[in-house]
$ cat query_20.cif   # mmCIF, C-alpha atoms
data_my_file
#
loop_
_atom_site.label_atom_id
_atom_site.label_comp_id
_atom_site.auth_asym_id
_atom_site.auth_seq_id
_atom_site.Cartn_x
_atom_site.Cartn_y
_atom_site.Cartn_z
CA MET A 862 0.00 0.00 0.00
CA THR A 863 1.51 3.32 -1.00
CA ALA A 864 0.51 6.60 0.59
CA ASN A 865 0.39 9.89 -1.21
CA ASP A 866 1.72 12.68 0.99
CA LEU A 867 -0.15 15.59 -0.60
CA PRO A 868 -2.75 16.90 1.83
CA LEU A 869 -6.23 15.93 0.66
CA THR A 870 -9.19 18.11 1.60
CA LYS A 871 -12.60 16.65 2.41
CA GLU A 872 -14.07 18.55 -0.52
CA GLU A 873 -11.60 16.95 -2.92
CA ILE A 874 -12.52 13.50 -1.66
CA LEU A 875 -16.23 14.28 -1.98
CA ASP A 876 -15.73 15.60 -5.54
CA ALA A 877 -14.00 12.37 -6.55
CA ALA A 878 -16.51 10.20 -4.69
CA GLU A 879 -19.47 11.95 -6.31
CA GLN A 880 -17.89 11.51 -9.73
CA VAL A 881 -17.33 7.77 -9.15
CA LEU A 882 -20.75 7.25 -7.55
CA ARG A 883 -22.44 8.87 -10.53
CA ARG A 884 -20.49 6.66 -12.91
CA PHE A 885 -20.81 3.27 -11.22
CA GLY A 886 -23.82 3.74 -8.92
CA PRO A 887 -23.74 3.36 -5.11
CA ASP A 888 -23.69 -0.45 -5.10
CA LYS A 889 -20.76 -0.92 -7.44
CA THR A 890 -18.58 1.92 -6.13
CA SER A 891 -15.76 0.85 -3.81
CA VAL A 892 -13.39 2.94 -1.69
CA VAL A 893 -10.59 1.66 -3.93
CA ASP A 894 -12.33 3.17 -7.00
CA ILE A 895 -12.47 6.56 -5.30
CA ALA A 896 -8.84 6.28 -4.15
CA LYS A 897 -7.79 5.49 -7.73
CA VAL A 898 -9.36 8.70 -9.08
CA LEU A 899 -7.53 10.66 -6.36
CA LYS A 900 -4.30 8.72 -6.95
CA VAL A 901 -3.98 7.87 -3.24
CA SER A 902 -4.15 4.63 -1.29
CA HIS A 903 -7.51 3.67 0.19
CA GLY A 904 -5.76 3.91 3.59
CA THR A 905 -5.51 7.65 3.02
CA LEU A 906 -9.28 7.86 2.49
CA TYR A 907 -9.95 5.95 5.68
CA ARG A 908 -8.13 8.72 7.57
CA HIS A 909 -11.00 11.04 6.48
CA PHE A 910 -13.98 8.68 6.40
CA ALA A 911 -14.68 5.62 8.54
CA SER A 912 -16.31 3.58 5.79
CA LYS A 913 -17.79 3.53 2.30
CA VAL A 914 -21.17 4.19 3.91
CA SER A 915 -19.93 7.37 5.57
CA ILE A 916 -18.48 8.62 2.25
CA ARG A 917 -21.85 7.97 0.61
CA GLU A 918 -23.63 9.80 3.42
CA ALA A 919 -21.32 12.79 3.14
CA VAL A 920 -21.79 12.97 -0.64
CA THR A 921 -25.58 12.80 -0.25
CA GLU A 922 -25.53 15.42 2.50
CA ARG A 923 -23.51 17.83 0.35
CA TRP A 924 -25.67 17.18 -2.70
CA LEU A 925 -28.87 17.89 -0.72
CA ARG A 926 -27.38 21.06 0.67
CA LEU A 927 -26.06 22.46 -2.62
CA SER A 928 -28.94 21.41 -4.88
CA ILE A 929 -31.94 21.79 -2.54
CA THR A 930 -31.36 23.69 0.69
CA VAL A 931 -29.17 26.54 -0.61
CA PRO A 932 -31.37 27.46 -3.64
CA LEU A 933 -34.47 27.40 -1.42
CA ASP A 934 -32.86 29.53 1.26
CA THR A 935 -33.12 32.66 -0.90
CA LEU A 936 -36.83 32.04 -1.43
CA ALA A 937 -37.30 31.65 2.32
CA GLU A 938 -35.82 35.14 2.89
CA GLN A 939 -38.51 36.88 0.87
CA THR A 940 -40.44 39.55 2.70
CA GLY A 941 -43.04 42.01 1.49
CA GLY A 942 -46.02 40.89 -0.55
CA SER A 943 -48.06 37.82 0.31
CA ALA A 944 -46.47 35.24 2.59
CA ALA A 945 -48.87 32.65 1.14
CA ALA A 946 -47.49 33.39 -2.33
CA HIS A 947 -43.89 33.14 -1.06
CA LEU A 948 -44.70 29.86 0.68
CA ARG A 949 -46.27 28.41 -2.43
CA LEU A 950 -43.33 29.46 -4.59
CA TRP A 951 -40.97 27.88 -2.05
CA MET A 952 -42.94 24.61 -2.05
CA GLU A 953 -43.35 24.49 -5.82
CA THR A 954 -39.61 25.06 -6.20
CA LEU A 955 -38.85 22.22 -3.78
CA ILE A 956 -41.22 19.93 -5.71
CA GLY A 957 -39.81 21.05 -9.05
CA LEU A 958 -36.19 20.50 -7.96
CA LYS A 959 -36.99 17.02 -6.68
CA ARG A 960 -38.86 16.08 -9.80
CA THR A 961 -36.13 17.42 -12.09
CA PHE A 962 -33.37 15.60 -10.21
CA SER A 963 -35.35 12.35 -10.19
CA VAL A 964 -35.13 12.41 -13.99
CA GLU A 965 -32.01 14.39 -14.88
CA ASP A 966 -29.73 13.39 -12.01
CA ALA A 967 -31.17 9.90 -11.58
CA GLU A 968 -28.04 8.30 -10.12
CA MET A 969 -27.71 10.84 -7.28
CA PHE A 970 -31.46 10.82 -6.72
CA LYS A 971 -31.44 7.03 -6.39
CA MET A 972 -28.68 7.28 -3.81
CA TYR A 973 -30.57 9.97 -1.93
CA ALA A 974 -33.73 7.82 -1.99
CA ALA A 975 -31.74 4.86 -0.60
CA VAL A 976 -30.16 7.02 2.12
CA THR A 977 -33.62 8.32 3.03
CA LEU A 978 -34.60 4.75 3.84
CA SER A 979 -31.54 3.96 5.93
CA GLU A 980 -29.50 6.86 7.34
CA VAL A 981 -32.07 8.69 9.38
CA GLU A 982 -29.80 11.40 10.84
CA ILE A 983 -28.68 13.17 7.66
CA ILE A 984 -32.20 13.22 6.30
CA GLU A 985 -33.63 14.44 9.58
CA ALA A 986 -31.14 17.34 9.59
CA HIS A 987 -31.99 18.12 5.94
CA VAL A 988 -35.73 18.06 6.64
CA ASN A 989 -35.28 20.23 9.72
CA ARG A 990 -33.42 22.84 7.65
CA LEU A 991 -36.29 22.93 5.16
CA ILE A 992 -38.86 23.19 7.95
CA THR A 993 -36.93 26.12 9.48
CA GLN A 994 -37.08 27.89 6.09
CA MET A 995 -40.85 27.40 5.86
CA GLY A 996 -41.21 28.52 9.49
CA ARG A 997 -39.60 31.86 8.58
CA LEU A 998 -42.15 32.45 5.82
CA ILE A 999 -45.02 31.45 8.13
CA ASP A 1000 -43.68 33.82 10.82
CA SER A 1001 -43.70 36.70 8.36
CA GLY A 1002 -47.30 35.86 7.37
CA MET A 1003 -48.33 35.83 11.03
CA LEU A 1004 -46.62 39.19 11.65
CA THR A 1005 -48.62 40.91 8.89
CA GLY A 1006 -51.83 39.18 10.01
CA GLU A 1007 -52.17 37.27 6.74
CA PHE A 1008 -51.95 33.96 8.64
CA LYS A 1009 -53.74 32.95 11.84
CA GLU A 1010 -51.64 33.06 15.01
CA GLY A 1011 -50.02 29.74 15.87
CA ASN A 1012 -46.84 27.78 16.43
CA SER A 1013 -45.02 28.49 13.18
CA GLU A 1014 -42.49 25.68 13.51
CA GLN A 1015 -45.18 23.10 14.25
CA LEU A 1016 -47.24 24.40 11.32
CA ALA A 1017 -44.22 24.28 9.03
CA ARG A 1018 -43.60 20.66 10.04
CA ALA A 1019 -47.27 19.82 9.41
CA LEU A 1020 -47.14 21.48 5.95
CA PHE A 1021 -43.97 19.59 5.12
CA LEU A 1022 -45.43 16.22 6.18
CA ALA A 1023 -48.77 16.86 4.45
CA THR A 1024 -47.01 17.56 1.14
CA SER A 1025 -44.85 14.39 1.33
CA PRO A 1026 -46.48 12.75 -1.72
CA PHE A 1027 -45.05 15.59 -3.80
CA HIS A 1028 -41.45 15.72 -2.53
CA HIS A 1029 -40.60 12.53 -0.57
CA PRO A 1030 -38.48 10.30 -2.84
CA ALA A 1031 -40.54 7.21 -1.98
CA HIS A 1032 -43.36 8.77 -4.02
CA ALA A 1033 -41.23 9.64 -7.06
CA LYS A 1034 -43.05 7.19 -9.33
CA ALA A 1035 -46.29 9.15 -8.94
CA TRP A 1036 -44.67 12.45 -9.97
CA ILE A 1037 -45.20 11.73 -13.62
CA SER A 1038 -48.94 10.97 -13.21
CA ASP A 1039 -51.47 13.18 -14.98
CA SER A 1040 -53.24 14.10 -11.77
CA HIS A 1041 -50.06 15.21 -10.01
CA THR A 1042 -50.45 18.97 -10.47
CA ALA A 1043 -54.19 18.96 -9.69
CA ASP A 1044 -53.53 16.81 -6.60
CA PHE A 1045 -50.92 19.21 -5.29
CA ASP A 1046 -53.22 22.13 -5.93
CA ALA A 1047 -56.08 20.51 -3.97
CA VAL A 1048 -53.83 19.60 -1.03
CA TRP A 1049 -52.25 23.06 -0.97
CA GLN A 1050 -55.61 24.85 -1.10
CA LEU A 1051 -56.88 22.79 1.81
CA LEU A 1052 -53.74 23.47 3.85
CA MET A 1053 -53.79 27.19 3.06
CA SER A 1054 -57.44 27.52 3.99
CA GLY A 1055 -56.34 26.20 7.41
CA LEU A 1056 -53.51 28.71 7.61
CA LEU A 1057 -55.00 31.91 6.22
CA LYS A 1058 -56.86 34.23 8.56
CA LYS A 1059 -60.03 34.57 6.52
CA MET B 407 -47.77 -34.06 -14.44
CA THR B 408 -51.00 -35.29 -12.82
CA ALA B 409 -54.16 -33.26 -12.79
CA ASN B 410 -56.65 -33.30 -9.98
CA ASP B 411 -60.21 -33.29 -11.32
CA LEU B 412 -61.96 -31.75 -8.30
CA PRO B 413 -63.16 -28.25 -9.19
CA LEU B 414 -61.00 -25.65 -7.44
CA THR B 415 -62.49 -22.30 -6.50
CA LYS B 416 -60.52 -19.06 -6.71
CA GLU B 417 -60.97 -18.59 -2.96
CA GLU B 418 -59.40 -21.99 -2.25
CA ILE B 419 -56.41 -21.10 -4.40
CA LEU B 420 -56.05 -17.72 -2.67
CA ASP B 421 -56.28 -19.39 0.77
CA ALA B 422 -53.47 -21.77 -0.14
CA ALA B 423 -51.42 -19.04 -1.81
CA GLU B 424 -51.73 -16.73 1.19
CA GLN B 425 -50.67 -19.54 3.51
CA VAL B 426 -47.58 -20.33 1.39
CA LEU B 427 -46.71 -16.65 0.86
CA ARG B 428 -46.82 -16.03 4.60
CA ARG B 429 -44.57 -19.03 5.22
CA PHE B 430 -41.91 -18.51 2.52
CA GLY B 431 -42.29 -14.82 1.65
CA PRO B 432 -43.13 -13.47 -1.83
CA ASP B 433 -39.67 -14.00 -3.32
CA LYS B 434 -39.28 -17.64 -2.36
CA THR B 435 -42.85 -18.76 -3.10
CA SER B 436 -43.33 -20.60 -6.40
CA VAL B 437 -46.52 -21.67 -8.15
CA VAL B 438 -45.39 -25.28 -7.57
CA ASP B 439 -45.35 -24.66 -3.78
CA ILE B 440 -48.94 -23.44 -3.92
CA ALA B 441 -49.99 -26.34 -6.16
CA LYS B 442 -48.44 -28.79 -3.67
CA VAL B 443 -50.53 -27.47 -0.79
CA LEU B 444 -53.65 -27.85 -2.95
CA LYS B 445 -52.53 -31.28 -4.19
CA VAL B 446 -53.00 -30.25 -7.84
CA SER B 447 -50.60 -29.77 -10.74
CA HIS B 448 -49.32 -26.25 -11.35
CA GLY B 449 -51.02 -26.51 -14.76
CA THR B 450 -54.34 -26.47 -12.89
CA LEU B 451 -53.38 -23.20 -11.18
CA TYR B 452 -52.44 -21.61 -14.49
CA ARG B 453 -56.04 -22.20 -15.62
CA HIS B 454 -57.09 -19.69 -12.92
CA PHE B 455 -54.13 -17.29 -12.82
CA ALA B 456 -51.82 -16.24 -15.64
CA SER B 457 -48.67 -16.04 -13.50
CA LYS B 458 -47.16 -16.05 -10.04
CA VAL B 459 -47.36 -12.26 -10.12
CA SER B 460 -51.12 -12.34 -10.74
CA ILE B 461 -51.61 -14.76 -7.83
CA ARG B 462 -49.62 -12.42 -5.61
CA GLU B 463 -51.70 -9.46 -6.78
CA ALA B 464 -54.95 -11.30 -6.10
CA VAL B 465 -53.82 -12.30 -2.60
CA THR B 466 -52.80 -8.71 -1.83
CA GLU B 467 -56.06 -7.35 -3.22
CA ARG B 468 -58.12 -9.72 -1.05
CA TRP B 469 -56.00 -9.00 2.02
CA LEU B 470 -56.43 -5.23 1.57
CA ARG B 471 -60.17 -5.64 1.13
CA LEU B 472 -60.74 -7.95 4.11
CA SER B 473 -58.33 -6.31 6.55
CA ILE B 474 -58.63 -2.64 5.61
CA THR B 475 -61.54 -1.67 3.36
CA VAL B 476 -64.29 -3.80 4.91
CA PRO B 477 -63.61 -2.86 8.57
CA LEU B 478 -63.45 0.84 7.60
CA ASP B 479 -66.65 0.67 5.60
CA THR B 480 -68.76 0.47 8.76
CA LEU B 481 -67.07 3.57 10.13
CA ALA B 482 -67.79 5.41 6.87
CA GLU B 483 -71.51 4.72 7.27
CA GLN B 484 -71.79 6.63 10.52
CA THR B 485 -74.27 9.45 10.55
CA GLY B 486 -75.49 11.69 13.37
CA GLY B 487 -73.05 13.47 15.65
CA SER B 488 -69.97 15.26 14.35
CA ALA B 489 -68.73 14.37 10.87
CA ALA B 490 -65.30 15.67 11.88
CA ALA B 491 -65.24 13.16 14.75
CA HIS B 492 -66.35 10.32 12.43
CA LEU B 493 -63.70 11.32 9.91
CA ARG B 494 -60.98 11.37 12.54
CA LEU B 495 -62.04 7.98 13.90
CA TRP B 496 -62.00 6.59 10.35
CA MET B 497 -58.50 7.97 9.70
CA GLU B 498 -57.10 6.89 13.06
CA THR B 499 -58.48 3.39 12.44
CA LEU B 500 -56.83 3.27 9.01
CA ILE B 501 -53.53 4.40 10.54
CA GLY B 502 -53.88 1.96 13.45
CA LEU B 503 -54.65 -0.99 11.14
CA LYS B 504 -51.67 -0.23 8.92
CA ARG B 505 -49.33 0.16 11.87
CA THR B 506 -50.56 -3.03 13.52
CA PHE B 507 -50.21 -5.07 10.33
CA SER B 508 -46.74 -3.66 9.67
CA VAL B 509 -45.65 -5.32 12.92
CA GLU B 510 -48.00 -8.26 13.49
CA ASP B 511 -48.57 -9.37 9.90
CA ALA B 512 -45.14 -8.35 8.64
CA GLU B 513 -44.95 -10.85 5.76
CA MET B 514 -48.26 -9.73 4.19
CA PHE B 515 -47.43 -6.08 4.86
CA LYS B 516 -44.08 -6.47 3.10
CA MET B 517 -45.84 -7.97 0.11
CA TYR B 518 -48.39 -5.15 0.10
CA ALA B 519 -45.57 -2.56 0.29
CA ALA B 520 -43.83 -4.22 -2.68
CA VAL B 521 -47.07 -4.35 -4.68
CA THR B 522 -47.63 -0.66 -3.89
CA LEU B 523 -44.37 0.11 -5.69
CA SER B 524 -45.11 -1.99 -8.76
CA GLU B 525 -48.73 -2.97 -9.49
CA VAL B 526 -50.34 0.41 -9.75
CA GLU B 527 -53.88 -0.74 -10.67
CA ILE B 528 -54.77 -2.77 -7.59
CA ILE B 529 -53.48 -0.08 -5.29
CA GLU B 530 -55.26 2.65 -7.20
CA ALA B 531 -58.55 0.76 -6.88
CA HIS B 532 -57.92 0.23 -3.16
CA VAL B 533 -57.10 3.90 -2.61
CA ASN B 534 -60.18 4.96 -4.59
CA ARG B 535 -62.38 2.78 -2.38
CA LEU B 536 -60.96 4.47 0.72
CA ILE B 537 -61.39 7.93 -0.80
CA THR B 538 -65.03 7.13 -1.58
CA GLN B 539 -65.58 6.18 2.07
CA MET B 540 -64.07 9.48 3.25
CA GLY B 541 -66.12 11.33 0.65
CA ARG B 542 -69.32 9.97 2.22
CA LEU B 543 -68.31 11.30 5.65
CA ILE B 544 -67.38 14.68 4.16
CA ASP B 545 -70.73 14.80 2.33
CA SER B 546 -72.60 14.24 5.56
CA GLY B 547 -70.60 17.04 7.23
CA MET B 548 -71.44 19.39 4.35
CA LEU B 549 -75.12 18.49 4.59
CA THR B 550 -75.31 19.49 8.26
CA GLY B 551 -73.25 22.64 7.64
CA GLU B 552 -70.40 21.42 9.84
CA PHE B 553 -68.02 21.55 6.84
CA LYS B 554 -67.65 24.28 4.24
CA GLU B 555 -69.26 23.60 0.88
CA GLY B 556 -66.93 22.02 -1.66
CA ASN B 557 -66.14 19.09 -3.92
CA SER B 558 -66.24 16.27 -1.38
CA GLU B 559 -64.44 13.72 -3.54
CA GLN B 560 -61.62 16.13 -4.33
CA LEU B 561 -61.36 17.05 -0.66
CA ALA B 562 -61.32 13.38 0.35
CA ARG B 563 -58.48 12.75 -2.11
CA ALA B 564 -56.57 15.75 -0.74
CA LEU B 565 -57.05 14.51 2.85
CA PHE B 566 -55.88 11.05 1.86
CA LEU B 567 -52.76 12.36 0.11
CA ALA B 568 -51.93 14.82 2.88
CA THR B 569 -52.00 12.03 5.48
CA SER B 570 -49.73 9.73 3.42
CA PRO B 571 -46.84 9.84 5.93
CA PHE B 572 -49.16 8.08 8.41
CA HIS B 573 -50.62 5.32 6.22
CA HIS B 574 -48.54 4.89 3.03
CA PRO B 575 -46.34 1.77 3.47
CA ALA B 576 -43.23 3.60 2.18
CA HIS B 577 -43.30 5.59 5.44
CA ALA B 578 -43.72 2.57 7.74
CA LYS B 579 -40.28 3.03 9.35
CA ALA B 580 -41.36 6.40 10.76
CA TRP B 581 -44.47 4.95 12.41
CA ILE B 582 -42.53 3.94 15.51
CA SER B 583 -40.98 7.41 16.00
CA ASP B 584 -41.78 9.32 19.19
CA SER B 585 -43.18 12.30 17.31
CA HIS B 586 -45.58 10.22 15.19
CA THR B 587 -48.76 10.88 17.19
CA ALA B 588 -48.02 14.60 17.67
CA ASP B 589 -47.19 14.91 13.96
CA PHE B 590 -50.48 13.34 12.94
CA ASP B 591 -52.34 15.56 15.32
CA ALA B 592 -50.73 18.74 13.89
CA VAL B 593 -51.41 17.70 10.28
CA TRP B 594 -54.99 16.71 11.08
CA GLN B 595 -55.72 19.97 12.94
CA LEU B 596 -54.42 22.00 10.01
CA LEU B 597 -56.49 19.98 7.51
CA MET B 598 -59.63 20.20 9.64
CA SER B 599 -59.26 23.95 10.08
CA GLY B 600 -59.41 24.09 6.28
CA LEU B 601 -62.51 21.89 6.20
CA LEU B 602 -64.61 23.13 9.11
CA LYS B 603 -66.97 26.03 8.55
CA LYS B 604 -65.78 28.20 11.42
#
$ encode --input "query_20.cif" --output "structure tokens"
Amino acid sequence: MTANDLPLTKEEILDAAEQVLRRFGPDKTSVVDIAKVLKVSHGTLYRHFASKVSIREAVTERWLRLSITVPLDTLAEQTGGSAAAHLRLWMETLIGLKRTFSVEDAEMFKMYAAVTLSEVEIIEAHVNRLITQMGRLIDSGMLTGEFKEGNSEQLARALFLATSPFHHPAHAKAWISDSHTADFDAVWQLLMSGLLKK
Amino acid sequence: MTANDLPLTKEEILDAAEQVLRRFGPDKTSVVDIAKVLKVSHGTLYRHFASKVSIREAVTERWLRLSITVPLDTLAEQTGGSAAAHLRLWMETLIGLKRTFSVEDAEMFKMYAAVTLSEVEIIEAHVNRLITQMGRLIDSGMLTGEFKEGNSEQLARALFLATSPFHHPAHAKAWISDSHTADFDAVWQLLMSGLLKK
């Protein structure tokens, strides 16, 4: 086993791992494959990550952050105008991003869907970040009196759960159905009529 | 290959198939195993069902009907008193049945979860039956003025979709989480405040 002495950053490892994971898929990717791309021994990788599973988790975590959480964060900062409109734009963007990735970034989406079923912690942290973003928009709607008073974080969590069929990866197969848009609209209207003051 | 001349009913085949599927699981069960229990050739079974997959579908369909749809049907007939209370009892019973089966009838539940991912038609019919039951309860609430006027079938579908995290088998792992009951309560309250007149 030869060791390469150049200092490797975590980001460099994740870049290589993501590249290999996209090419071979999560099942066929080994730590040795990733080490090869980086021209280091797999021993060097184990100094940064405990296992193949933890590399996969870290890649998924970064992918979720860069492709979902960060783009949505800007939409969650919106003030002025209707909070209900901001909230709907935020939710439709989340749904649109998920649907796009399920088709156009299928390999990463598949890995994310698998991680959702197994590694609870990363996904819980991801979901909590999204719920915090929605909570901010709900807070601003409560401040202006557009929304009824209430526990904004609890309401955000309820909205997130109630819209699961439209963004949880386990439901991805239904996203191409004809009734998908009408279904979302009906669910959203019902939820909003519970949230809006009048 | 010997053929047994006694006339076999579909129910008898489904009884035997369910028994074998429970014992060996869907992946390891073959048509020959089911034929053995019935003491007939597998050729005889193929006169009733086109494939192993169609036997599995028929067993799942019957199981869903007998263990979920039929028990809930009585609750959907309730009139008098609060429609919101009837609706909540109906939904909590659905959730309770699913959760119980996921633990105590794990083999059948696993098969149902697998069928949910692949055989869209059976599941769609099952879901539509449940939505019709909810629609009846919503209708009765609209009649008494407890609920706002609206399209009861569309509302029933929205309620069903919005409560997916609590009854869709893809979410079964979350059903044992500590926050499960509080989460359902928050989602339900939000949905009901959209449905109730005041």
$ closest_atom_pairs --input "query_20.cif" --of "chain B" --to "chain A" --cutoff "6 Å" --atoms "all atoms listed in the file" --output "JSON lines"
{"residue": "B:Ala564", "atom": "CA", "partner": "A:Val1048", "partner_atom": "CA", "distance": 4.7}
{"residue": "B:Ala568", "atom": "CA", "partner": "A:Ala1023", "partner_atom": "CA", "distance": 4.1}
{"residue": "B:Thr569", "atom": "CA", "partner": "A:Ala1023", "partner_atom": "CA", "distance": 5.9}
{"residue": "B:Ala592", "atom": "CA", "partner": "A:Ala1019", "partner_atom": "CA", "distance": 5.8}
{"residue": "B:Val593", "atom": "CA", "partner": "A:Ala1019", "partner_atom": "CA", "distance": 4.7}
{"residue": "B:Leu596", "atom": "CA", "partner": "A:Gly1055", "partner_atom": "CA", "distance": 5.3}
{"residue": "B:Leu597", "atom": "CA", "partner": "A:Leu1052", "partner_atom": "CA", "distance": 5.8}
{"residue": "B:Ser599", "atom": "CA", "partner": "A:Gly1055", "partner_atom": "CA", "distance": 4.6}
{"residue": "B:Gly600", "atom": "CA", "partner": "A:Gly1055", "partner_atom": "CA", "distance": 3.9}
$ closest_residue --input "query_20.cif" --among "A:Arg883, A:Ile999, A:Ala986, A:Met972" --to "Thr930 in chain A" --atoms "only C-alpha atoms"
A:Ala986
$ atom_distance --input "query_20.cif" --atom1 "CA of Glu552 in chain B" --atom2 "CA of Ala944 in chain A"
28.6 Å
$ resolve_selection --input "query_20.cif" --expression "the PyMOL selection byres ((chain A and resi 912-917) around 9)" --output "PyMOL selection string"
chain A and resi 874-875+878-879+882+887+890-892+906-907+909-911+918-922+972+976
$ residues_near_point --input "query_20.cif" --point "(-34.0, 25.1, 5.7)" --cutoff "12 Å" --atoms "all atoms listed in the file" --output "PDB file with C-alpha atoms, in the frame of the given file"
ATOM      1  CA  LEU A 925     -28.870  17.890  -0.720  1.00  0.00           C
ATOM      2  CA  ARG A 926     -27.380  21.060   0.670  1.00  0.00           C
ATOM      3  CA  LEU A 927     -26.060  22.460  -2.620  1.00  0.00           C
ATOM      4  CA  ILE A 929     -31.940  21.790  -2.540  1.00  0.00           C
ATOM      5  CA  THR A 930     -31.360  23.690   0.690  1.00  0.00           C
ATOM      6  CA  VAL A 931     -29.170  26.540  -0.610  1.00  0.00           C
ATOM      7  CA  PRO A 932     -31.370  27.460  -3.640  1.00  0.00           C
ATOM      8  CA  LEU A 933     -34.470  27.400  -1.420  1.00  0.00           C
ATOM      9  CA  ASP A 934     -32.860  29.530   1.260  1.00  0.00           C
ATOM     10  CA  THR A 935     -33.120  32.660  -0.900  1.00  0.00           C
ATOM     11  CA  LEU A 936     -36.830  32.040  -1.430  1.00  0.00           C
ATOM     12  CA  ALA A 937     -37.300  31.650   2.320  1.00  0.00           C
ATOM     13  CA  GLU A 938     -35.820  35.140   2.890  1.00  0.00           C
ATOM     14  CA  TRP A 951     -40.970  27.880  -2.050  1.00  0.00           C
ATOM     15  CA  MET A 952     -42.940  24.610  -2.050  1.00  0.00           C
ATOM     16  CA  LEU A 955     -38.850  22.220  -3.780  1.00  0.00           C
ATOM     17  CA  GLU A 985     -33.630  14.440   9.580  1.00  0.00           C
ATOM     18  CA  ALA A 986     -31.140  17.340   9.590  1.00  0.00           C
ATOM     19  CA  HIS A 987     -31.990  18.120   5.940  1.00  0.00           C
ATOM     20  CA  VAL A 988     -35.730  18.060   6.640  1.00  0.00           C
ATOM     21  CA  ASN A 989     -35.280  20.230   9.720  1.00  0.00           C
ATOM     22  CA  ARG A 990     -33.420  22.840   7.650  1.00  0.00           C
ATOM     23  CA  LEU A 991     -36.290  22.930   5.160  1.00  0.00           C
ATOM     24  CA  ILE A 992     -38.860  23.190   7.950  1.00  0.00           C
ATOM     25  CA  THR A 993     -36.930  26.120   9.480  1.00  0.00           C
ATOM     26  CA  GLN A 994     -37.080  27.890   6.090  1.00  0.00           C
ATOM     27  CA  MET A 995     -40.850  27.400   5.860  1.00  0.00           C
ATOM     28  CA  GLY A 996     -41.210  28.520   9.490  1.00  0.00           C
ATOM     29  CA  ARG A 997     -39.600  31.860   8.580  1.00  0.00           C
ATOM     30  CA  LEU A 998     -42.150  32.450   5.820  1.00  0.00           C
ATOM     31  CA  GLU A1014     -42.490  25.680  13.510  1.00  0.00           C
ATOM     32  CA  ALA A1017     -44.220  24.280   9.030  1.00  0.00           C
ATOM     33  CA  ARG A1018     -43.600  20.660  10.040  1.00  0.00           C
ATOM     34  CA  PHE A1021     -43.970  19.590   5.120  1.00  0.00           C
TER      35      PHE A1021
END
$ atom_distance --input "query_20.cif" --atom1 "CA of Leu414 in chain B" --atom2 "CA of Val438 in chain B"
15.6 Å
$ atom_distance --input "query_20.cif" --atom1 "CA of Glu555 in chain B" --atom2 "CA of Leu493 in chain B"
16.2 Å
$ resolve_selection --input "query_20.cif" --expression "the PyMOL selection byres ((chain A and resi 903) around 10)" --output "PyMOL selection string"
chain A and resi 862-864+891-897+899-902+904-908
$ closest_residue --input "query_20.cif" --among "A:Val881, A:Ala945, A:Ala1033, A:Met1003" --to "Tyr973 in chain A" --atoms "all atoms listed in the file"
A:Ala1033
$ axis_aligned_box --input "query_20.cif" --around "range 931-947 of chain A" --padding-each-side "8 Å" --output "JSON"
{"center_x": -39.0, "center_y": 34.3, "center_z": -0.4, "size_x": 35.7, "size_y": 31.5, "size_z": 22.5}
$ residues_around --input "query_20.cif" --residues "Arg960 in chain A" --least-positions-apart "2" --cutoff "10 Å" --atoms "all atoms listed in the file" --output "list in words"
Thr954, Leu955, Ile956, Gly957, Leu958, Phe962, Ser963, Val964, Glu965, Asp966, Phe970, Phe1027, His1028, Pro1030, Ala1033, Lys1034, Trp1036 and Ile1037 of chain A
